[in-house]
Amino acid sequence: MRTFRAARPRVLLTALAAGTLLLTSACNDTAKPSQDQAAGAVPATAASPTATQTPTPTPKPTGEADPALKPFYGQQIAWAACPADPKAEQAKIDISGMQCGRLHVPLDYANPATDALDLALVKLPAAKPDQRIGSLMVNPGGPGESGVEMVEYGAKDFSGALHDRFDVIGFDPRGTGGSSPITCLDDKQRDEQSQVDEPLDPAARKTASDQKEAQYIAACQAKSGKLLPFVGTRNSARDMDVLRAAVGDRKLNYLGVSYGTYLGALYAEEFPKNSGRLILDGAVDPAADSLDEGVDQQIGFEKSFERFAADCVDNHAEECSLGSNPDKAAQKAADFLDGLRDHPLTAKDGRKLGSGLAWTGVVRMLYGDEKTDWQYLRNALGWAMKRDKGDLLLAFADDYDGRDRNGHYDARQEAMGAIRCADMSRPAPTPEKAQEVVAKLKAEAPLMSKGVSVDDYTEAGCAHWPFQSPEKPHTIRAEGADPILVVGSTGDPATPYAAAEALAKGFAKATLLTRVGEGHGAFGRGNACIDQAMEAYLTEGTMPAEGTRCS
């Protein structure tokens, strides 16, 4: 199961944290054309004021109460056998018992009659229809990841009571996967750019970044300009409510991982009375500043990298190429990865594995835990460091970037940037804040922040993207929603545990469930304690005891 992706480490990761637009990992955002559109409502015309009266606008009905949205809420989904999927067949995934469909939603909820989109859906029907509770909507993160693939490729993760009692439904959010995916660059352009490491000199880096950004924005506008203003998460939350109604559920039951927690939180804020049993796993804090969030994420990956390297030396010496000193192992690996800037490795397909791609491959595997992905990463570093073979690291980077074996890229990275900027624009940091950020990175993430400078933190987030979002970081209370289960992992590098604590604390009614361990997200990792708690909550409404920790 794929989940929330960070930007690349080093300059690329910190630049995204600073809010600049990077073609290499995430384009930037799309905001709503107006505050009214962002709010999903157009103010009604008030009565004429008198000398003693102040006009009071009548709020426009939203959701099911809006007559203009009735055709969307009342639609019937034409579920049918899913078409053959060559990728699933190649992976030996059986989707024959699943059903596929499309959901019709407005492009612009403020003007629903103007245009519409069709969202791709997949359903794993309840195995025991007589015990069926309803539907369980899922989102794997990103933003940009495919909910359809989460169900198709991760069906085993729902085995047992969840499959027995729920129709598990995955959907590709607007702008992603099979739902009008955002496209900007072609495959050749993305290949070319991924193999070029960013200049080390800050001024040269800024010049190169500005040139790429201008080209990228022009390409996004040319190919996806009509869609860009409307891909924000609040619109996807509205799509989920249409989907809830279309499948006949009174309340939404939902499992969101990583960025999917932000989608779920916005849903609970927008539709508290329609929120049923929501699990938000690997939490994003909606009140966090995007710059601070990016910095904390980079520090999280650095700490995970250090733990991986020490574990390699201490517990797997026979297959570890990082020396015999656990305190120096991470530095040795970082020195090798940095050296690929001047001495890239050539893969079997002729592509060059430079420092940026190699670090991307490393970060991809740090999303996993010590049981599986760390083993693959040990092997990949061994092949690269001892045999000059970089194909495994390159394969991991390709998986992160959404590149298949035929050299075709999916929409996830381009969707990520567009959605992130649709969700949040940020003012330029003050000089003092920029200095603080760089000092913190150099102190707490020296390996992954080598070469960053204050010049990398001078611009506002999404400053040059054509649409600026009115969304602002804020605590989500979701007053009136049913109790929400928030899940956090202590060793999560992508969404550090503190974000789960903050999200749970912000809700009016929520419980925090803790997984003690490495990797991003708790769902699907085979932790019986976590699985039983999630299952009991979704099927019976039983919350785990406050303070529950699963080792």
# chains A, B, ... in the order shown; residues from 1 in each chain; ligands from 1
>>> select_by_dssp(residues="segment 173-324 of chain A", states="strand (DSSP E or B)", output="list in words")
Thr176, Ser179, Leu252, Asn253, Tyr254, Leu255, Gly256, Val257, Ser275, Gly276, Arg277, Leu278, Ile279, Leu280 and Asp281 of chain A
>>> residues_around(residues="Lys352 of chain A", least_positions_apart="2", cutoff="9 Å", atoms="only C-alpha atoms", output="JSON, numbers by chain")
{"A": [195, 196, 344, 345, 346, 347, 349, 350, 354, 357, 390, 394]}
>>> closest_residue(among="A:Asp197, A:Asp191, A:Glu444, A:Asp492", to="Arg403 of chain A", atoms="only C-alpha atoms")
A:Asp191
>>> select_by_dssp(residues="segment 17-242 of chain A", states="helix (DSSP H, G or I)", output="VMD selection string")
chain A and resid 17 to 18 35 to 39 63 to 65 67 to 73 86 to 90 129 to 131 147 to 153 155 to 158 161 to 165 187 to 194 202 to 224 228 to 230 233 to 242
>>> write_last_selection(atoms="C-alpha atoms", output="PDB file, in the first residue's frame")
ATOM      1  CA  ALA A  17       9.208  22.824   2.879  1.00  0.00           C
ATOM      2  CA  ALA A  18      10.006  26.410   2.009  1.00  0.00           C
ATOM      3  CA  GLN A  35     -13.355  32.915  -1.318  1.00  0.00           C
ATOM      4  CA  ASP A  36     -16.964  32.065  -2.140  1.00  0.00           C
ATOM      5  CA  GLN A  37     -15.899  29.130  -4.261  1.00  0.00           C
ATOM      6  CA  ALA A  38     -13.528  28.001  -1.527  1.00  0.00           C
ATOM      7  CA  ALA A  39     -16.365  27.990   0.948  1.00  0.00           C
ATOM      8  CA  GLY A  63     -24.554  19.253   0.742  1.00  0.00           C
ATOM      9  CA  GLU A  64     -27.778  17.321   0.341  1.00  0.00           C
ATOM     10  CA  ALA A  65     -29.775  20.391   1.308  1.00  0.00           C
ATOM     11  CA  PRO A  67     -31.220  21.754  -4.584  1.00  0.00           C
ATOM     12  CA  ALA A  68     -28.535  22.335  -7.219  1.00  0.00           C
ATOM     13  CA  LEU A  69     -26.639  19.301  -5.898  1.00  0.00           C
ATOM     14  CA  LYS A  70     -29.656  16.986  -5.776  1.00  0.00           C
ATOM     15  CA  PRO A  71     -28.835  15.249  -9.104  1.00  0.00           C
ATOM     16  CA  PHE A  72     -25.397  14.382  -7.811  1.00  0.00           C
ATOM     17  CA  TYR A  73     -26.551  13.169  -4.406  1.00  0.00           C
ATOM     18  CA  PRO A  86      -2.469  -5.752 -16.863  1.00  0.00           C
ATOM     19  CA  LYS A  87      -0.619  -4.337 -13.854  1.00  0.00           C
ATOM     20  CA  ALA A  88      -2.722  -6.390 -11.459  1.00  0.00           C
ATOM     21  CA  GLU A  89      -2.225  -9.496 -13.566  1.00  0.00           C
ATOM     22  CA  GLN A  90       1.524  -8.922 -13.624  1.00  0.00           C
ATOM     23  CA  PRO A 129     -24.025  -9.578   3.166  1.00  0.00           C
ATOM     24  CA  ASP A 130     -26.378 -10.635   5.965  1.00  0.00           C
ATOM     25  CA  GLN A 131     -23.987  -9.026   8.486  1.00  0.00           C
ATOM     26  CA  GLY A 147      -7.676   4.747  -3.468  1.00  0.00           C
ATOM     27  CA  VAL A 148      -8.612   2.293  -6.204  1.00  0.00           C
ATOM     28  CA  GLU A 149      -5.157   0.711  -6.006  1.00  0.00           C
ATOM     29  CA  MET A 150      -5.322   0.681  -2.203  1.00  0.00           C
ATOM     30  CA  VAL A 151      -8.274  -1.698  -2.434  1.00  0.00           C
ATOM     31  CA  GLU A 152      -7.103  -3.673  -5.460  1.00  0.00           C
ATOM     32  CA  TYR A 153      -3.546  -4.242  -4.243  1.00  0.00           C
ATOM     33  CA  ALA A 155      -7.409  -6.350  -0.302  1.00  0.00           C
ATOM     34  CA  LYS A 156      -5.720  -8.759   2.106  1.00  0.00           C
ATOM     35  CA  ASP A 157      -5.346  -5.933   4.630  1.00  0.00           C
ATOM     36  CA  PHE A 158      -9.149  -5.858   4.942  1.00  0.00           C
ATOM     37  CA  ALA A 161     -14.356  -8.791   9.972  1.00  0.00           C
ATOM     38  CA  LEU A 162     -13.780  -5.679   7.827  1.00  0.00           C
ATOM     39  CA  HIS A 163     -14.266  -7.610   4.583  1.00  0.00           C
ATOM     40  CA  ASP A 164     -17.116  -9.609   6.114  1.00  0.00           C
ATOM     41  CA  ARG A 165     -19.152  -6.607   7.224  1.00  0.00           C
ATOM     42  CA  ASP A 187       7.779  10.992 -19.539  1.00  0.00           C
ATOM     43  CA  LYS A 188      10.929  12.046 -21.374  1.00  0.00           C
ATOM     44  CA  GLN A 189      11.011  15.420 -19.643  1.00  0.00           C
ATOM     45  CA  ARG A 190      10.582  13.837 -16.237  1.00  0.00           C
ATOM     46  CA  ASP A 191      13.323  11.298 -16.913  1.00  0.00           C
ATOM     47  CA  GLU A 192      15.694  14.027 -17.996  1.00  0.00           C
ATOM     48  CA  GLN A 193      15.023  16.185 -14.974  1.00  0.00           C
ATOM     49  CA  SER A 194      15.234  13.388 -12.438  1.00  0.00           C
ATOM     50  CA  PRO A 202      22.544  28.631  -3.717  1.00  0.00           C
ATOM     51  CA  ALA A 203      22.440  31.328  -6.402  1.00  0.00           C
ATOM     52  CA  ALA A 204      22.827  28.817  -9.221  1.00  0.00           C
ATOM     53  CA  ARG A 205      20.245  26.601  -7.593  1.00  0.00           C
ATOM     54  CA  LYS A 206      17.764  29.474  -7.414  1.00  0.00           C
ATOM     55  CA  THR A 207      18.290  30.338 -11.073  1.00  0.00           C
ATOM     56  CA  ALA A 208      17.847  26.742 -12.188  1.00  0.00           C
ATOM     57  CA  SER A 209      14.779  26.320  -9.994  1.00  0.00           C
ATOM     58  CA  ASP A 210      13.128  29.469 -11.349  1.00  0.00           C
ATOM     59  CA  GLN A 211      13.656  28.340 -14.939  1.00  0.00           C
ATOM     60  CA  LYS A 212      12.234  24.891 -14.293  1.00  0.00           C
ATOM     61  CA  GLU A 213       9.342  26.328 -12.354  1.00  0.00           C
ATOM     62  CA  ALA A 214       8.306  28.677 -15.148  1.00  0.00           C
ATOM     63  CA  GLN A 215       8.387  25.841 -17.683  1.00  0.00           C
ATOM     64  CA  TYR A 216       6.507  23.555 -15.354  1.00  0.00           C
ATOM     65  CA  ILE A 217       3.728  26.018 -14.571  1.00  0.00           C
ATOM     66  CA  ALA A 218       3.241  26.721 -18.263  1.00  0.00           C
ATOM     67  CA  ALA A 219       2.972  22.979 -18.965  1.00  0.00           C
ATOM     68  CA  CYS A 220       0.470  22.435 -16.135  1.00  0.00           C
ATOM     69  CA  GLN A 221      -1.702  25.298 -17.312  1.00  0.00           C
ATOM     70  CA  ALA A 222      -1.605  24.096 -20.904  1.00  0.00           C
ATOM     71  CA  LYS A 223      -2.595  20.521 -20.079  1.00  0.00           C
ATOM     72  CA  SER A 224      -4.654  20.790 -16.886  1.00  0.00           C
ATOM     73  CA  LEU A 228      -6.239  23.172 -11.363  1.00  0.00           C
ATOM     74  CA  PRO A 229      -8.442  25.563  -9.347  1.00  0.00           C
ATOM     75  CA  PHE A 230     -10.710  22.765  -8.122  1.00  0.00           C
ATOM     76  CA  THR A 233      -8.983  18.594  -0.395  1.00  0.00           C
ATOM     77  CA  ARG A 234     -12.121  20.417   0.700  1.00  0.00           C
ATOM     78  CA  ASN A 235     -13.645  19.638  -2.700  1.00  0.00           C
ATOM     79  CA  SER A 236     -12.580  15.993  -2.335  1.00  0.00           C
ATOM     80  CA  ALA A 237     -14.294  15.924   1.064  1.00  0.00           C
ATOM     81  CA  ARG A 238     -17.470  17.146  -0.662  1.00  0.00           C
ATOM     82  CA  ASP A 239     -17.015  14.403  -3.244  1.00  0.00           C
ATOM     83  CA  MET A 240     -16.876  11.871  -0.411  1.00  0.00           C
ATOM     84  CA  ASP A 241     -20.207  13.088   0.898  1.00  0.00           C
ATOM     85  CA  VAL A 242     -21.760  12.651  -2.537  1.00  0.00           C
TER      86      VAL A 242
END
>>> closest_residue(among="A:Lys450, A:Thr514, A:Gly142, A:Thr360", to="Arg420 of chain A", atoms="only C-alpha atoms")
A:Gly142
>>> closest_residue(among="A:Asn379, A:Gly526, A:Asp314, A:Asp167", to="Gly248 of chain A", atoms="only C-alpha atoms")
A:Asp167
>>> closest_residue(among="A:Leu278, A:Ala395, A:Cys312, A:Ser551", to="Ser324 of chain A", atoms="only C-alpha atoms")
A:Cys312
>>> closest_residue(among="A:Ala80, A:Leu513, A:Ile133, A:Val437", to="Ile299 of chain A", atoms="only C-alpha atoms")
A:Val437
>>> closest_residue(among="A:Gly407, A:Pro470, A:Gly451, A:Ser180", to="Arg426 of chain A", atoms="only C-alpha atoms")
A:Pro470
>>> atom_distance(atom1="atom CA of Lys251 of chain A", atom2="atom CA of Gln76 of chain A")
17.3 Å
>>> atom_distance(atom1="atom CA of Pro143 of chain A", atom2="atom CA of Ile419 of chain A")
6.6 Å
>>> residues_around(residues="Ser304 of chain A", least_positions_apart="3", cutoff="7 Å", atoms="only C-alpha atoms", output="PDB file with N, CA and C atoms, in the first residue's frame")
ATOM      1  N   GLY A 300      12.442  13.908  10.817  1.00  0.00           N
ATOM      2  CA  GLY A 300      11.937  12.559  11.023  1.00  0.00           C
ATOM      3  C   GLY A 300      12.627  11.547  10.132  1.00  0.00           C
ATOM      4  N   PHE A 301      12.839  11.888   8.864  1.00  0.00           N
ATOM      5  CA  PHE A 301      13.542  10.967   7.968  1.00  0.00           C
ATOM      6  C   PHE A 301      15.006  10.819   8.359  1.00  0.00           C
ATOM      7  N   ARG A 307      18.588   5.426  12.592  1.00  0.00           N
ATOM      8  CA  ARG A 307      18.206   4.160  13.244  1.00  0.00           C
ATOM      9  C   ARG A 307      18.398   2.988  12.297  1.00  0.00           C
ATOM     10  N   PHE A 308      18.073   3.191  11.027  1.00  0.00           N
ATOM     11  CA  PHE A 308      18.303   2.134  10.041  1.00  0.00           C
ATOM     12  C   PHE A 308      19.786   1.767   9.965  1.00  0.00           C
ATOM     13  N   LEU A 366      12.485   4.107   3.743  1.00  0.00           N
ATOM     14  CA  LEU A 366      12.324   4.506   5.139  1.00  0.00           C
ATOM     15  C   LEU A 366      10.863   4.670   5.515  1.00  0.00           C
ATOM     16  N   PRO A 493       8.485   8.538  10.148  1.00  0.00           N
ATOM     17  CA  PRO A 493       9.300   9.659   9.678  1.00  0.00           C
ATOM     18  C   PRO A 493       8.510  10.679   8.859  1.00  0.00           C
TER      19      PRO A 493
END
